Structures are given as structure tokens and as C-alpha cells.
Number of protein chains: 2
Amino acid sequence: MPHPTFILVNPQLGENIGMSARAMLNGSVTDLRLVSPRDPWPNDKGLAAASGAFDLMPAPVVYTDTASAIADLQYIYATSGKLRHMTKPVLTGRAAAADMAARVAAGHRVGVLFGPERTGLENHDLMQANAIIQFPTNPDFPSLNIAQAVLLVAYEWLMAGDQTPPRRFDVTDSPPARTDEAAFLLHRLENELQDNGFFTAPHLRDPVMRNIGNMFRRAEMTSQDVQTFQGMITALLGRKKKG
Amino acid sequence: MPHPTFILVNPQLGENIGMSARAMLNGSVTDLRLVSPRDPWPNDKGLAAASGAFDLMPAPVVYTDTASAIADLQYIYATSGKLRHMTKPVLTGRAAAADMAARVAAGHRVGVLFGPERTGLENHDLMQANAIIQFPTNPDFPSLNIAQAVLLVAYEWLMAGDQTPPRRFDVTDSPPARTDEAAFLLHRLENELQDNGFFTAPHLRDPVMRNIGNMFRRAEMTSQDVQTFQGMITALLGRKKKG
């Protein structure tokens, strides 16, 4: 599947290149380009920080300037913490990922620029971008380091195309209980409680049983849970279950 | 504003505690608890890795076991890369953040458990959680380190309550051009091109002007851009603008 190209402009620390590669690959982005990194690439610290990511993606290509690094691309986003008085759309990371997905689906090649650690992207790099990506962050602590910014863009890119249901269920050996299993348990419990004097006043019986019934529904018992509960009642009653 | 509590269970490296604190604070989460960290806390590497985050959030409280670290909380999420045959809902990070927001809005205190670097959370910790958070990631490279997982949960938490418009505009001194300014430019351009023999065949004039008009609309010119363009036409015609 086509995906965006990520371009790190003048990254300083090799570790950050490696951590960015790892973060990209988490989001299935594998095309990494470097513009004049301060630490020569490849370097050992950077490779170690990638945690094996480079075994599953091409080696980054190093360019001397931003213009050559983006020459073959068609639409460019620039990540920037600050706005710089440029007439461009400013997208949240989520909106940018949806925008990228639409452009990539049309067969266009898109790229994302990330600036150096201390200063961020300079104006001449921002000018080459079609749009700015700015992540909402805590206004009192907005600093995202380069690998964090890469992770968030890659994550939003992955999520833009992801089909995982928001809520699933862990695989278990026992299926959810049928309604009649749970109703039978509740019915038996009510009878045993009645026989053992649990309901001190007759008018409490209905509201108490409603609360218990609601708790049982919230517990979303499995078939096994219902059996376990039946066994607990039997045990507490002091009657041994037969064979 | 109330927010979730993050609990790092048996973290190994002090740096990861510091980087997690930084990532939390980016998402406006400030309540950090540690369960038996391997590197004693506080430690210098961890404080350095926090990049000043601890100046803006309380010092982490250290507990000896998970049960005491979550004792005062009411609903617990556990981050886990693997499912472990437990009957629990499994939420994406995004769905979990929406779920947290609903619970926090009801005044409930919620917590998120993060496991140690190599092994993740053990079964006895997962058992204490109400729900599992599992991030969709690249199936070929699913590894998220602890600070990355913390960043993604904190980011989704922030986004669940964030009101930033998905698309905004960078602040500029010049407002977008009025439609009549742009129409006047296009009209003048068409006349000058006609006078200078640009349209080699009469039937090309309309489609060519439609393409140019579409390009102008896509450019979303500012008022200043229209003036600049008018000046360029004048210059190219070889006529000096007066005054």
C-alpha cells in the first residue's frame, strides 16, 4: 500500500533518527529521508535506538537539502509547533491523516517534514509545504520531541485506514451466558435468599432483586461464570453438589 | 479538570519514567504512580529525561504493589499488546479515551496501568483491570515502548476533550481576496492574453481560462496575492505602474 514519506530535516541526534524510524514503522510508514543530519548517518546509537526497525524498512536516504529530499513528491505537510505568519492551512494531526489518506488514494505522493530538535523547521522549509500539521497539546507544556511527533503522525496515518473495531472482546474458552442461564441463576438465588430470611421486609424484595439483577447484567457473565456462581450458592448453603 | 491516573508497574529504566512523565504532561495528565520501579526513584537519568515535566506536575508516588497503587481508583484500564484469555472488553486507545471521558465526567476516578519494558503486564495485574487498551499497530512491528504507549494514551485523552478545529488558517497580515478582486484579475489577465496572441485558436480560449480560473481558486489568494499578481502582469507587459 502506498504511504507517506517522512523527511527529517537537520536532525541532530542519531538516537532520534533511530527512534523516529521505530515510531514510523509502528504506523506502517517505511520511507524515511534525512536532510543533512548533524550526526553522520548511519551511526551506531541511531541503529540501536531503532530496535530492529531497519530490518523491516529500507535504509534512510540522505539528502543535502530539503528541496532535493522532496523533489519527487507532490504534496508536502510540515509539522510545526509555532505558526509563522504564512498563508497556509493548519491541520490537526488527525485531520492531516485523513487528508493524506484521500491524496494517497488518488495516487499522489505525499511527504511530511519534521524539523531539528531545538529549533523546529525554518521558514524556508515551511514555505515549501502545502499545509502545516500542528498537534493539540497541553498549552502549558507543548513540547513534543521529534520521535514523539513522528509517532503521532504515523499513528494517525495508521488509524486513518484502520478497521479495528473500537470495542472487541478478549478470546475466552467460555461464551457469554444465554439470557435464560442468567435468569435461572437469578431466580434460584432469589428463592434461596427468601428461604434463608435475607429479605427482612417484603417490600425490599423487588428493589433488592432489581439491584442484584442489574449487577449481574453489568458483569456480562460467561456460561462458565454462571456455573461457578451456582456452585458458590450450593457451597454457601452447605449442600455438596452431586458427582 | 479531573483526569486519569497513570500507573507504571515495575518500570525498569529511570529514563522511561522521565520520558513517560513528559509524554503524560503533553496530554495534560499529571498523576503518576510507580509500582516497585527497578531503578530506585527519583534518579538523575529519569529526571533529565523528563525535560522539565516534573516542574509542572506532582512528584510520582511509589507503591510496593499494584493493588495499593490503584486502591482509591474506581475503574482501571490495562495497556496490553497481547490478549491473555481473560473475559474483558478490549478497547482501542481512541475508544478507551472516550470511555474515560464519560467516566471522569461522571466524577469517577480512573487509572491506566502500563507494564514493564520487556514483559508487559502480568496476568495478576491484568485481572485487576476492568478493560484492556490495545492500540492498532503495524502487525509486522507491533512493539510500542512504555513511553510511546503513555504518549498515545495521553494524546487520545487530550483529543477526547479537545476543541481545536481540524482545519484552521495561519495568521497573516492579508485577508483572503474577495471574489470580485480575483474575478477582476482573471478578467484583466484574459484580456491581456487575448491582446498578446496567447490563444492560438479561438475554441481554446474558454477551456484554458477555466483551467486558469480553477488554479486561481485552488491558490486561495490573499488580497495581497492579487495585488502582487496584477503587478507581475504589468511588469511582464513592460509597462511601468504609475506611482
# chains A, B, ... in the order shown; residues from 1 in each chain; ligands from 1
call {"tool": "interface_residues", "arguments": {"of": "chain B", "to": "chain A", "cutoff": "6 Å", "atoms": "only C-alpha atoms", "output": "mmCIF file with all heavy atoms, in the first residue's frame"}}
result
data_model
loop_
_atom_site.group_PDB
_atom_site.id
_atom_site.type_symbol
_atom_site.label_atom_id
_atom_site.label_comp_id
_atom_site.auth_asym_id
_atom_site.auth_seq_id
_atom_site.Cartn_x
_atom_site.Cartn_y
_atom_site.Cartn_z
ATOM 1 N N ASN B 26 2.311 16.245 28.164
ATOM 2 C CA ASN B 26 1.865 16.729 26.853
ATOM 3 C C ASN B 26 0.355 16.600 26.708
ATOM 4 O O ASN B 26 -0.277 17.403 26.046
ATOM 5 C CB ASN B 26 2.517 15.924 25.718
ATOM 6 C CG ASN B 26 3.976 16.286 25.452
ATOM 7 O OD1 ASN B 26 4.798 15.415 25.238
ATOM 8 N ND2 ASN B 26 4.290 17.566 25.464
ATOM 9 N N GLY B 27 -0.196 15.563 27.313
ATOM 10 C CA GLY B 27 -1.636 15.330 27.221
ATOM 11 C C GLY B 27 -2.387 15.811 28.456
ATOM 12 O O GLY B 27 -3.526 15.395 28.671
ATOM 13 N N SER B 28 -1.740 16.668 29.276
ATOM 14 C CA SER B 28 -2.377 17.236 30.475
ATOM 15 C C SER B 28 -2.773 16.191 31.519
ATOM 16 O O SER B 28 -3.751 16.364 32.240
ATOM 17 C CB SER B 28 -3.616 18.079 30.109
ATOM 18 O OG SER B 28 -3.259 19.132 29.242
ATOM 19 N N HIS B 85 -6.558 -14.341 27.190
ATOM 20 C CA HIS B 85 -7.677 -15.223 27.530
ATOM 21 C C HIS B 85 -8.331 -14.786 28.839
ATOM 22 O O HIS B 85 -8.422 -15.555 29.799
ATOM 23 C CB HIS B 85 -7.249 -16.690 27.576
ATOM 24 C CG HIS B 85 -6.856 -17.197 26.220
ATOM 25 N ND1 HIS B 85 -7.721 -17.865 25.400
ATOM 26 C CD2 HIS B 85 -5.706 -17.063 25.521
ATOM 27 C CE1 HIS B 85 -7.115 -18.151 24.262
ATOM 28 N NE2 HIS B 85 -5.890 -17.681 24.313
ATOM 29 N N MET B 86 -8.723 -13.532 28.860
ATOM 30 C CA MET B 86 -9.462 -13.006 30.003
ATOM 31 C C MET B 86 -10.761 -12.436 29.450
ATOM 32 O O MET B 86 -10.774 -11.874 28.360
ATOM 33 C CB MET B 86 -8.682 -11.879 30.665
ATOM 34 C CG MET B 86 -7.354 -12.342 31.216
ATOM 35 S SD MET B 86 -6.865 -11.356 32.621
ATOM 36 C CE MET B 86 -5.377 -12.257 33.092
ATOM 37 N N THR B 87 -11.823 -12.595 30.205
ATOM 38 C CA THR B 87 -13.108 -12.090 29.725
ATOM 39 C C THR B 87 -13.235 -10.620 30.098
ATOM 40 O O THR B 87 -13.658 -10.285 31.204
ATOM 41 C CB THR B 87 -14.258 -12.915 30.319
ATOM 42 O OG1 THR B 87 -13.986 -14.283 30.079
ATOM 43 C CG2 THR B 87 -15.576 -12.551 29.671
ATOM 44 N N LYS B 88 -12.772 -9.785 29.154
ATOM 45 C CA LYS B 88 -12.794 -8.338 29.376
ATOM 46 C C LYS B 88 -13.008 -7.654 28.035
ATOM 47 O O LYS B 88 -12.575 -8.180 27.014
ATOM 48 C CB LYS B 88 -11.422 -7.862 29.855
ATOM 49 C CG LYS B 88 -11.086 -8.170 31.273
ATOM 50 C CD LYS B 88 -9.825 -7.444 31.664
ATOM 51 C CE LYS B 88 -9.130 -8.153 32.806
ATOM 52 N NZ LYS B 88 -9.933 -8.273 34.008
ATOM 53 N N PRO B 89 -13.602 -6.469 28.069
ATOM 54 C CA PRO B 89 -13.635 -5.694 26.820
ATOM 55 C C PRO B 89 -12.228 -5.217 26.444
ATOM 56 O O PRO B 89 -11.412 -4.900 27.319
ATOM 57 C CB PRO B 89 -14.538 -4.501 27.146
ATOM 58 C CG PRO B 89 -14.688 -4.472 28.622
ATOM 59 C CD PRO B 89 -14.314 -5.813 29.166
ATOM 60 N N VAL B 90 -11.961 -5.198 25.159
ATOM 61 C CA VAL B 90 -10.686 -4.740 24.612
ATOM 62 C C VAL B 90 -10.981 -3.501 23.772
ATOM 63 O O VAL B 90 -11.716 -3.569 22.795
ATOM 64 C CB VAL B 90 -10.042 -5.822 23.721
ATOM 65 C CG1 VAL B 90 -8.706 -5.332 23.172
ATOM 66 C CG2 VAL B 90 -9.870 -7.121 24.501
ATOM 67 N N LEU B 91 -10.444 -2.367 24.183
ATOM 68 C CA LEU B 91 -10.748 -1.105 23.526
ATOM 69 C C LEU B 91 -9.529 -0.592 22.766
ATOM 70 O O LEU B 91 -8.393 -0.752 23.230
ATOM 71 C CB LEU B 91 -11.149 -0.053 24.570
ATOM 72 C CG LEU B 91 -12.240 -0.443 25.571
ATOM 73 C CD1 LEU B 91 -12.463 0.686 26.583
ATOM 74 C CD2 LEU B 91 -13.542 -0.741 24.849
ATOM 75 N N THR B 92 -9.754 0.045 21.630
ATOM 76 C CA THR B 92 -8.666 0.801 21.013
ATOM 77 C C THR B 92 -8.345 1.982 21.933
ATOM 78 O O THR B 92 -9.161 2.361 22.790
ATOM 79 C CB THR B 92 -9.076 1.358 19.639
ATOM 80 O OG1 THR B 92 -10.208 2.219 19.813
ATOM 81 C CG2 THR B 92 -9.428 0.244 18.663
ATOM 82 N N ALA B 95 -11.130 4.585 21.597
ATOM 83 C CA ALA B 95 -12.384 4.222 22.286
ATOM 84 C C ALA B 95 -12.197 4.303 23.797
ATOM 85 O O ALA B 95 -13.102 4.729 24.528
ATOM 86 C CB ALA B 95 -12.823 2.820 21.871
ATOM 87 N N THR B 137 -1.606 -1.368 15.672
ATOM 88 C CA THR B 137 -0.265 -1.013 15.170
ATOM 89 C C THR B 137 0.024 -1.890 13.969
ATOM 90 O O THR B 137 -0.743 -2.795 13.643
ATOM 91 C CB THR B 137 0.869 -1.260 16.203
ATOM 92 O OG1 THR B 137 0.798 -2.612 16.644
ATOM 93 C CG2 THR B 137 0.780 -0.314 17.394
ATOM 94 N N ASN B 138 1.133 -1.600 13.321
ATOM 95 C CA ASN B 138 1.635 -2.426 12.229
ATOM 96 C C ASN B 138 1.775 -3.862 12.727
ATOM 97 O O ASN B 138 2.557 -4.117 13.646
ATOM 98 C CB ASN B 138 3.002 -1.860 11.834
ATOM 99 C CG ASN B 138 3.674 -2.621 10.715
ATOM 100 O OD1 ASN B 138 3.216 -3.680 10.306
ATOM 101 N ND2 ASN B 138 4.761 -2.063 10.227
ATOM 102 N N PHE B 141 5.261 -5.119 13.140
ATOM 103 C CA PHE B 141 6.171 -4.410 14.050
ATOM 104 C C PHE B 141 5.332 -3.747 15.128
ATOM 105 O O PHE B 141 5.180 -2.524 15.177
ATOM 106 C CB PHE B 141 6.975 -3.362 13.262
ATOM 107 C CG PHE B 141 8.150 -2.801 14.024
ATOM 108 C CD1 PHE B 141 9.292 -3.557 14.218
ATOM 109 C CD2 PHE B 141 8.118 -1.512 14.538
ATOM 110 C CE1 PHE B 141 10.384 -3.034 14.908
ATOM 111 C CE2 PHE B 141 9.197 -0.987 15.234
ATOM 112 C CZ PHE B 141 10.329 -1.753 15.411
ATOM 113 N N PRO B 142 4.733 -4.574 15.998
ATOM 114 C CA PRO B 142 3.760 -4.023 16.938
ATOM 115 C C PRO B 142 4.384 -3.386 18.171
ATOM 116 O O PRO B 142 3.664 -2.785 18.955
ATOM 117 C CB PRO B 142 2.943 -5.254 17.330
ATOM 118 C CG PRO B 142 3.880 -6.390 17.174
ATOM 119 C CD PRO B 142 4.831 -6.029 16.063
ATOM 120 N N PRO B 166 -10.340 21.033 13.202
ATOM 121 C CA PRO B 166 -9.419 20.181 12.441
ATOM 122 C C PRO B 166 -8.608 20.972 11.409
ATOM 123 O O PRO B 166 -7.478 20.638 11.131
ATOM 124 C CB PRO B 166 -10.345 19.191 11.727
ATOM 125 C CG PRO B 166 -11.610 19.214 12.495
ATOM 126 C CD PRO B 166 -11.727 20.565 13.128
ATOM 127 N N ARG B 167 -9.218 22.029 10.866
ATOM 128 C CA ARG B 167 -8.528 22.841 9.853
ATOM 129 C C ARG B 167 -8.674 24.306 10.238
ATOM 130 O O ARG B 167 -9.788 24.793 10.430
ATOM 131 C CB ARG B 167 -9.179 22.585 8.491
ATOM 132 C CG ARG B 167 -8.539 23.300 7.328
ATOM 133 C CD ARG B 167 -9.366 23.050 6.066
ATOM 134 N NE ARG B 167 -8.830 23.744 4.927
ATOM 135 C CZ ARG B 167 -8.014 23.208 4.020
ATOM 136 N NH1 ARG B 167 -7.663 21.954 4.123
ATOM 137 N NH2 ARG B 167 -7.564 23.926 3.012
ATOM 138 N N ARG B 168 -7.550 24.976 10.390
ATOM 139 C CA ARG B 168 -7.555 26.410 10.698
ATOM 140 C C ARG B 168 -6.691 27.098 9.659
ATOM 141 O O ARG B 168 -6.222 26.474 8.712
ATOM 142 C CB ARG B 168 -6.907 26.635 12.082
ATOM 143 C CG ARG B 168 -7.718 26.141 13.247
ATOM 144 C CD ARG B 168 -6.835 26.041 14.476
ATOM 145 N NE ARG B 168 -5.872 24.968 14.323
ATOM 146 C CZ ARG B 168 -4.654 24.948 14.856
ATOM 147 N NH1 ARG B 168 -4.230 25.985 15.570
ATOM 148 N NH2 ARG B 168 -3.848 23.918 14.680
ATOM 149 N N PHE B 169 -6.406 28.387 9.872
ATOM 150 C CA PHE B 169 -5.535 29.109 8.964
ATOM 151 C C PHE B 169 -4.488 29.854 9.742
ATOM 152 O O PHE B 169 -4.771 30.424 10.797
ATOM 153 C CB PHE B 169 -6.352 30.032 8.056
ATOM 154 C CG PHE B 169 -7.186 29.222 7.115
ATOM 155 C CD1 PHE B 169 -8.469 28.829 7.470
ATOM 156 C CD2 PHE B 169 -6.637 28.751 5.939
ATOM 157 C CE1 PHE B 169 -9.202 28.002 6.637
ATOM 158 C CE2 PHE B 169 -7.373 27.928 5.103
ATOM 159 C CZ PHE B 169 -8.658 27.550 5.451
ATOM 160 N N ASP B 170 -3.274 29.802 9.239
ATOM 161 C CA ASP B 170 -2.188 30.544 9.866
ATOM 162 C C ASP B 170 -2.551 32.035 9.822
ATOM 163 O O ASP B 170 -3.215 32.503 8.919
ATOM 164 C CB ASP B 170 -0.898 30.270 9.084
ATOM 165 C CG ASP B 170 0.346 30.657 9.875
ATOM 166 O OD1 ASP B 170 0.230 31.394 10.864
ATOM 167 O OD2 ASP B 170 1.436 30.220 9.478
ATOM 168 N N VAL B 171 -2.113 32.742 10.854
ATOM 169 C CA VAL B 171 -2.397 34.178 10.937
ATOM 170 C C VAL B 171 -1.564 34.910 9.893
ATOM 171 O O VAL B 171 -0.349 34.754 9.859
ATOM 172 C CB VAL B 171 -1.984 34.704 12.330
ATOM 173 C CG1 VAL B 171 -2.363 36.159 12.477
ATOM 174 C CG2 VAL B 171 -2.572 33.853 13.422
ATOM 175 N N THR B 172 -2.195 35.703 9.042
ATOM 176 C CA THR B 172 -1.411 36.515 8.109
ATOM 177 C C THR B 172 -1.924 37.941 8.154
ATOM 178 O O THR B 172 -3.003 38.211 8.659
ATOM 179 C CB THR B 172 -1.526 36.010 6.658
ATOM 180 O OG1 THR B 172 -2.904 35.852 6.342
ATOM 181 C CG2 THR B 172 -0.809 34.691 6.497
#
call {"tool": "residues_around", "arguments": {"residues": "stretch 59-72 of chain B", "least_positions_apart": "2", "cutoff": "8 Å", "atoms": "only C-alpha atoms", "output": "PDB file with N, CA, C and O atoms, in the first residue's frame"}}
result
ATOM      1  N   ILE B   7      -0.336   4.591  35.976  1.00  0.00           N
ATOM      2  CA  ILE B   7       0.431   3.760  36.906  1.00  0.00           C
ATOM      3  C   ILE B   7       1.431   2.922  36.109  1.00  0.00           C
ATOM      4  O   ILE B   7       1.036   2.104  35.272  1.00  0.00           O
ATOM      5  N   VAL B   9       3.834  -0.050  36.194  1.00  0.00           N
ATOM      6  CA  VAL B   9       4.067  -1.231  37.028  1.00  0.00           C
ATOM      7  C   VAL B   9       5.462  -1.783  36.745  1.00  0.00           C
ATOM      8  O   VAL B   9       5.771  -2.141  35.601  1.00  0.00           O
ATOM      9  N   ASP B  31      -1.048  12.890  37.185  1.00  0.00           N
ATOM     10  CA  ASP B  31      -0.994  11.998  38.346  1.00  0.00           C
ATOM     11  C   ASP B  31      -0.288  10.702  37.971  1.00  0.00           C
ATOM     12  O   ASP B  31      -0.856   9.823  37.321  1.00  0.00           O
ATOM     13  N   LEU B  32       0.996  10.598  38.353  1.00  0.00           N
ATOM     14  CA  LEU B  32       1.830   9.436  38.004  1.00  0.00           C
ATOM     15  C   LEU B  32       2.142   8.635  39.262  1.00  0.00           C
ATOM     16  O   LEU B  32       2.545   9.196  40.281  1.00  0.00           O
ATOM     17  N   ARG B  33       1.949   7.322  39.178  1.00  0.00           N
ATOM     18  CA  ARG B  33       2.288   6.437  40.298  1.00  0.00           C
ATOM     19  C   ARG B  33       3.199   5.329  39.783  1.00  0.00           C
ATOM     20  O   ARG B  33       3.069   4.895  38.637  1.00  0.00           O
ATOM     21  N   LEU B  34       4.099   4.897  40.637  1.00  0.00           N
ATOM     22  CA  LEU B  34       5.061   3.857  40.251  1.00  0.00           C
ATOM     23  C   LEU B  34       4.915   2.675  41.189  1.00  0.00           C
ATOM     24  O   LEU B  34       4.860   2.841  42.406  1.00  0.00           O
ATOM     25  N   VAL B  35       4.879   1.480  40.620  1.00  0.00           N
ATOM     26  CA  VAL B  35       4.852   0.262  41.434  1.00  0.00           C
ATOM     27  C   VAL B  35       6.238  -0.380  41.355  1.00  0.00           C
ATOM     28  O   VAL B  35       6.667  -0.802  40.278  1.00  0.00           O
ATOM     29  N   SER B  36       6.944  -0.422  42.487  1.00  0.00           N
ATOM     30  CA  SER B  36       8.266  -1.067  42.581  1.00  0.00           C
ATOM     31  C   SER B  36       9.145  -0.876  41.353  1.00  0.00           C
ATOM     32  O   SER B  36       9.466  -1.854  40.658  1.00  0.00           O
ATOM     33  N   PRO B  37       9.566   0.345  41.071  1.00  0.00           N
ATOM     34  CA  PRO B  37      10.467   0.532  39.922  1.00  0.00           C
ATOM     35  C   PRO B  37      11.801  -0.162  40.176  1.00  0.00           C
ATOM     36  O   PRO B  37      12.268  -0.202  41.317  1.00  0.00           O
ATOM     37  N   TRP B  41      13.530   5.334  42.530  1.00  0.00           N
ATOM     38  CA  TRP B  41      13.043   6.650  42.142  1.00  0.00           C
ATOM     39  C   TRP B  41      13.021   7.565  43.346  1.00  0.00           C
ATOM     40  O   TRP B  41      12.641   7.100  44.418  1.00  0.00           O
ATOM     41  N   PHE B  54       8.554  17.549  35.561  1.00  0.00           N
ATOM     42  CA  PHE B  54       8.250  17.488  36.997  1.00  0.00           C
ATOM     43  C   PHE B  54       8.158  18.876  37.654  1.00  0.00           C
ATOM     44  O   PHE B  54       7.735  18.994  38.795  1.00  0.00           O
ATOM     45  N   MET B  57       4.226  19.126  37.433  1.00  0.00           N
ATOM     46  CA  MET B  57       3.349  18.055  37.914  1.00  0.00           C
ATOM     47  C   MET B  57       3.891  17.536  39.238  1.00  0.00           C
ATOM     48  O   MET B  57       5.070  17.708  39.539  1.00  0.00           O
ATOM     49  N   GLN B  74     -11.503   3.817  40.736  1.00  0.00           N
ATOM     50  CA  GLN B  74     -12.780   3.120  40.579  1.00  0.00           C
ATOM     51  C   GLN B  74     -12.925   2.324  39.291  1.00  0.00           C
ATOM     52  O   GLN B  74     -13.743   1.427  39.199  1.00  0.00           O
ATOM     53  N   ILE B  76     -10.376   0.707  36.085  1.00  0.00           N
ATOM     54  CA  ILE B  76      -8.978   0.518  35.696  1.00  0.00           C
ATOM     55  C   ILE B  76      -8.884  -0.039  34.276  1.00  0.00           C
ATOM     56  O   ILE B  76      -9.557  -1.014  33.934  1.00  0.00           O
ATOM     57  N   ARG B 109     -13.065   8.080  39.396  1.00  0.00           N
ATOM     58  CA  ARG B 109     -11.610   8.159  39.290  1.00  0.00           C
ATOM     59  C   ARG B 109     -11.103   6.960  38.523  1.00  0.00           C
ATOM     60  O   ARG B 109     -11.282   5.817  38.942  1.00  0.00           O
ATOM     61  N   GLY B 111      -7.935   4.883  36.254  1.00  0.00           N
ATOM     62  CA  GLY B 111      -6.488   4.699  36.176  1.00  0.00           C
ATOM     63  C   GLY B 111      -6.113   3.851  34.977  1.00  0.00           C
ATOM     64  O   GLY B 111      -6.918   3.059  34.481  1.00  0.00           O
ATOM     65  N   ASP B 125      -1.891  -8.582  37.269  1.00  0.00           N
ATOM     66  CA  ASP B 125      -2.197  -7.158  37.118  1.00  0.00           C
ATOM     67  C   ASP B 125      -3.375  -6.952  36.160  1.00  0.00           C
ATOM     68  O   ASP B 125      -4.256  -6.143  36.417  1.00  0.00           O
ATOM     69  N   GLN B 128      -6.804  -7.235  37.588  1.00  0.00           N
ATOM     70  CA  GLN B 128      -7.332  -6.122  38.378  1.00  0.00           C
ATOM     71  C   GLN B 128      -7.926  -4.997  37.522  1.00  0.00           C
ATOM     72  O   GLN B 128      -8.396  -3.998  38.061  1.00  0.00           O
TER      73      GLN B 128
END
call {"tool": "residues_around", "arguments": {"residues": "stretch 177-194 of chain A", "least_positions_apart": "4", "cutoff": "7 Å", "atoms": "only C-alpha atoms", "output": "short mmCIF file (atom, residue, chain, number, x, y, z; two decimals) with N, CA and C atoms, in the first residue's frame"}}
result
data_model
loop_
_atom_site.label_atom_id
_atom_site.label_comp_id
_atom_site.auth_asym_id
_atom_site.auth_seq_id
_atom_site.Cartn_x
_atom_site.Cartn_y
_atom_site.Cartn_z
N PHE A 198 -33.24 -13.65 53.93
CA PHE A 198 -32.44 -12.50 53.51
C PHE A 198 -33.27 -11.23 53.44
N PHE A 199 -34.55 -11.37 53.00
CA PHE A 199 -35.39 -10.19 52.82
C PHE A 199 -36.09 -9.89 54.14
N GLY A 213 -30.05 -7.99 39.96
CA GLY A 213 -30.20 -8.29 38.52
C GLY A 213 -29.38 -7.33 37.67
N MET A 221 -21.78 -12.03 32.51
CA MET A 221 -21.27 -13.35 32.86
C MET A 221 -21.10 -14.26 31.64
N THR A 222 -20.05 -15.06 31.69
CA THR A 222 -19.94 -16.14 30.72
C THR A 222 -20.77 -17.31 31.23
N SER A 223 -20.95 -18.29 30.35
CA SER A 223 -21.64 -19.52 30.74
C SER A 223 -20.91 -20.16 31.93
N VAL A 226 -21.69 -18.41 35.23
CA VAL A 226 -22.99 -18.79 35.79
C VAL A 226 -22.87 -20.11 36.54
N GLN A 230 -23.47 -20.74 40.50
CA GLN A 230 -24.38 -21.78 41.01
C GLN A 230 -23.65 -22.64 42.05
#
call {"tool": "select_by_dssp", "arguments": {"residues": "chain A", "states": "alpha helix (DSSP H)", "output": "ChimeraX atom specification"}}
result
/A:14-26,44-49,66-69,93-105,123-126,146-160,179-195,205-219,223-237
call {"tool": "write_last_selection", "arguments": {"atoms": "C-alpha atoms", "output": "compact mmCIF listing (two decimals), in the first residue's frame"}}
result
# COMPACT_ATOMS: atom_id res chain seq x y z
CA GLY A 14 21.38 9.76 15.80
CA GLU A 15 19.21 8.27 18.56
CA ASN A 16 16.33 10.43 17.44
CA ILE A 17 16.66 9.13 13.88
CA GLY A 18 16.51 5.56 15.19
CA MET A 19 13.58 6.26 17.49
CA SER A 20 11.77 8.04 14.66
CA ALA A 21 12.28 5.01 12.40
CA ARG A 22 10.82 2.76 15.08
CA ALA A 23 7.87 5.08 15.57
CA MET A 24 7.24 5.28 11.79
CA LEU A 25 7.29 1.54 11.40
CA ASN A 26 4.72 1.16 14.21
CA ASP A 44 25.63 3.02 15.97
CA LYS A 45 23.49 4.85 18.53
CA GLY A 46 20.84 5.51 15.93
CA LEU A 47 20.77 1.92 14.73
CA ALA A 48 20.46 0.68 18.33
CA ALA A 49 17.62 3.10 19.07
CA THR A 66 15.08 19.88 1.66
CA ALA A 67 14.28 20.73 -1.97
CA SER A 68 16.05 17.59 -3.26
CA ALA A 69 14.57 15.44 -0.48
CA GLY A 93 -2.66 15.53 13.12
CA ARG A 94 -5.97 13.71 12.77
CA ALA A 95 -7.26 15.96 10.01
CA ALA A 96 -3.90 15.77 8.25
CA ALA A 97 -4.01 11.96 8.28
CA ALA A 98 -7.48 11.96 6.70
CA ASP A 99 -6.23 14.45 4.12
CA MET A 100 -3.16 12.26 3.39
CA ALA A 101 -5.36 9.20 3.01
CA ALA A 102 -7.51 10.97 0.40
CA ARG A 103 -4.45 12.15 -1.55
CA VAL A 104 -2.67 8.77 -1.37
CA ALA A 105 -5.88 7.07 -2.52
CA ASN A 123 10.74 29.49 7.30
CA HIS A 124 12.40 28.41 4.03
CA ASP A 125 11.38 24.81 4.76
CA LEU A 126 7.87 25.74 5.85
CA ILE A 146 10.97 14.72 17.17
CA ALA A 147 10.34 10.99 17.73
CA GLN A 148 7.09 11.80 19.57
CA ALA A 149 5.90 13.97 16.67
CA VAL A 150 6.83 11.20 14.23
CA LEU A 151 4.94 8.66 16.35
CA LEU A 152 1.79 10.78 16.44
CA VAL A 153 1.76 11.40 12.67
CA ALA A 154 2.45 7.71 11.95
CA TYR A 155 -0.21 6.62 14.46
CA GLU A 156 -2.83 8.94 12.99
CA TRP A 157 -1.88 7.73 9.49
CA LEU A 158 -2.39 4.11 10.60
CA MET A 159 -5.65 4.98 12.35
CA ALA A 160 -6.97 6.78 9.24
CA THR A 179 -30.18 -14.88 28.91
CA ASP A 180 -32.05 -17.92 30.24
CA GLU A 181 -28.95 -19.23 32.07
CA ALA A 182 -28.55 -15.88 33.83
CA ALA A 183 -32.30 -15.66 34.56
CA PHE A 184 -32.33 -19.16 36.03
CA LEU A 185 -29.40 -18.23 38.31
CA LEU A 186 -31.15 -15.07 39.46
CA HIS A 187 -34.39 -16.97 40.05
CA ARG A 188 -32.66 -19.66 42.10
CA LEU A 189 -30.75 -17.04 44.09
CA GLU A 190 -33.97 -15.20 44.89
CA ASN A 191 -35.62 -18.40 46.13
CA GLU A 192 -32.66 -19.41 48.27
CA LEU A 193 -32.38 -15.94 49.75
CA GLN A 194 -36.13 -15.96 50.51
CA ASP A 195 -35.82 -19.36 52.19
CA ARG A 205 -37.58 -7.92 47.89
CA ASP A 206 -38.30 -6.36 44.49
CA PRO A 207 -35.87 -3.42 44.66
CA VAL A 208 -33.08 -5.58 46.09
CA MET A 209 -33.56 -8.19 43.37
CA ARG A 210 -33.57 -5.44 40.73
CA ASN A 211 -30.20 -4.19 42.02
CA ILE A 212 -28.78 -7.71 42.01
CA GLY A 213 -30.20 -8.29 38.52
CA ASN A 214 -28.60 -5.07 37.28
CA MET A 215 -25.25 -6.05 38.80
CA PHE A 216 -25.49 -9.45 37.07
CA ARG A 217 -26.19 -7.79 33.72
CA ARG A 218 -23.24 -5.42 34.16
CA ALA A 219 -20.97 -8.38 34.95
CA SER A 223 -21.64 -19.52 30.74
CA GLN A 224 -18.77 -20.69 32.96
CA ASP A 225 -19.34 -17.75 35.35
CA VAL A 226 -22.99 -18.79 35.79
CA GLN A 227 -21.94 -22.36 36.58
CA THR A 228 -19.33 -21.07 39.05
CA PHE A 229 -21.94 -18.87 40.72
CA GLN A 230 -24.38 -21.78 41.01
CA GLY A 231 -21.60 -23.79 42.66
CA MET A 232 -20.86 -20.96 45.10
CA ILE A 233 -24.53 -20.80 46.15
CA THR A 234 -24.58 -24.55 46.69
CA ALA A 235 -21.37 -24.38 48.71
CA LEU A 236 -22.59 -21.49 50.85
CA LEU A 237 -25.83 -23.37 51.51
call {"tool": "select_by_dssp", "arguments": {"residues": "stretch 21-241 of chain B", "states": "strand (DSSP E or B)", "output": "list of chain:residue names"}}
result
B:Asp31, B:Leu32, B:Arg33, B:Leu34, B:Val35, B:Val61, B:Val62, B:Tyr63, B:Tyr75, B:Ile76, B:Tyr77, B:Ala78, B:Thr79, B:Pro89, B:Val90, B:Leu91, B:Val110, B:Gly111, B:Val112, B:Leu113, B:Phe114, B:Ala131, B:Ile132, B:Ile133, B:Arg167, B:Arg168, B:Phe169, B:Pro176, B:Thr222
call {"tool": "atom_distance", "arguments": {"atom1": "atom CA of A:Arg38", "atom2": "atom CA of A:Ala129"}}
result
22.6 Å
call {"tool": "atom_distance", "arguments": {"atom1": "atom CA of A:Pro116", "atom2": "atom CA of B:Asp55"}}
result
24.5 Å
call {"tool": "closest_residue", "arguments": {"among": "B:Ala50, B:Leu121, B:Leu204, B:Gly81", "to": "B:Pro11", "atoms": "only C-alpha atoms"}}
result
B:Leu121
